[in-house]
Amino acid sequence: THEDNVSLMSSCASAISQVALGMSFESGDEILTTDQEYPSNAYPWSVAAQRANAKYKVVKTANEQFEVSTEAIIEAINSRTQVVALSWVQYQNGSTVDLARISKACKKHNAKFVVDAIQGIGVMPLHFDDMGIDAVCSGAHKWLGSVLGSGFLLTTDSLRSQLVPLQHGALNHLNF
């Protein structure tokens, strides 16, 4: 990963918002997520879909333990899917999704894969360059042991070149 692909953010929510609201969507596009996303990963994508008249497609939880099914996510990806936006580790129960399998399905349909990694980064290994993920969004205050108000956005060159910066100022360090 090249250092230009790391942008310092104030939180995981600000990183997700930068990607969701900094991308360009069109009417008929789909943004795919699940019904178990934390509001920081749900609301920005919902707003992005509303602004573009795109479809905010939600995969429903398949069991009483609120575990997200990797298979159900993969089955929901299609040629209209522009982004799959998921949490790596679910905040309610700690369940995980298979990032490699979902990434492979995204690539098959030319969809971007954006991962909210705040619940797992620093505890479990994440090999960004090998995973085929387009963006990793995270705060640094949980398992990375930083203070509130620090986070990051890690993107591929391809995605970074498509994003329009949302904030401009002396305290922003956005590599765009």
# chains A, B, ... in the order shown; residues from 1 in each chain; ligands from 1
>>> select_by_dssp(residues="stretch 54-106 of chain A", states="strand (DSSP E)", output="NGL selection string")
:A and (55-59 or 81-87)
>>> residues_around(residues="A:Asp29", least_positions_apart="5", cutoff="10 Å", atoms="only C-alpha atoms", output="JSON, numbers by chain")
{"A": [49, 52, 53, 54, 55, 56, 57, 79, 80, 81, 82, 83]}
>>> closest_residue(among="A:Ser27, A:Tyr43, A:Gly120, A:Ile74", to="A:Trp88", atoms="only C-alpha atoms")
A:Gly120
>>> residues_around(residues="A:His141", least_positions_apart="4", cutoff="10 Å", atoms="only C-alpha atoms", output="list in words")
Ser11, Cys12, Ile118, Gly145, Ser146, Val147, Leu148, Gly149, Ser150 and Gly151 of chain A
>>> residues_around(residues="A:Lys112", least_positions_apart="3", cutoff="9 Å", atoms="only C-alpha atoms", output="VMD selection string")
chain A and resid 81 to 85 103 106 to 107 133 to 135 159
>>> select_by_dssp(residues="chain A", states="helix (DSSP H, G or I)", output="ChimeraX atom specification")
/A:3-5,12-22,39-52,70-76,99-108,128-131,157-162
>>> residues_around(residues="A:Ala20", least_positions_apart="3", cutoff="6 Å", atoms="only C-alpha atoms", output="ChimeraX atom specification")
/A:17,23,44-45,48
>>> write_last_selection(atoms="N, CA, C and O atoms", output="short mmCIF file (atom, residue, chain, number, x, y, z; two decimals), in the first residue's frame")
data_model
loop_
_atom_site.label_atom_id
_atom_site.label_comp_id
_atom_site.auth_asym_id
_atom_site.auth_seq_id
_atom_site.Cartn_x
_atom_site.Cartn_y
_atom_site.Cartn_z
N SER A 17 -18.30 8.33 5.49
CA SER A 17 -19.00 9.43 4.83
C SER A 17 -18.21 9.97 3.65
O SER A 17 -18.79 10.30 2.61
N MET A 23 -18.32 9.59 -3.63
CA MET A 23 -18.46 8.82 -4.87
C MET A 23 -19.62 9.37 -5.70
O MET A 23 -20.48 10.07 -5.18
N PRO A 44 -24.67 7.09 6.00
CA PRO A 44 -24.03 7.73 4.84
C PRO A 44 -24.40 7.07 3.51
O PRO A 44 -24.61 7.76 2.51
N TRP A 45 -24.49 5.75 3.51
CA TRP A 45 -24.85 5.04 2.29
C TRP A 45 -26.30 5.26 1.91
O TRP A 45 -26.63 5.39 0.73
N ALA A 48 -26.40 8.69 0.39
CA ALA A 48 -25.81 8.65 -0.96
C ALA A 48 -26.81 8.08 -1.96
O ALA A 48 -26.95 8.60 -3.08
#
>>> closest_residue(among="A:Thr33, A:Phe128, A:His2, A:Gln18", to="A:Gln167", atoms="only C-alpha atoms")
A:Gln18
>>> closest_residue(among="A:Ser40, A:Thr34, A:Gln90, A:Ser24", to="A:Thr61", atoms="only C-alpha atoms")
A:Thr34
>>> closest_residue(among="A:Gly132, A:Gly94, A:Gly122, A:Gly139", to="A:Ala13", atoms="only C-alpha atoms")
A:Gly139
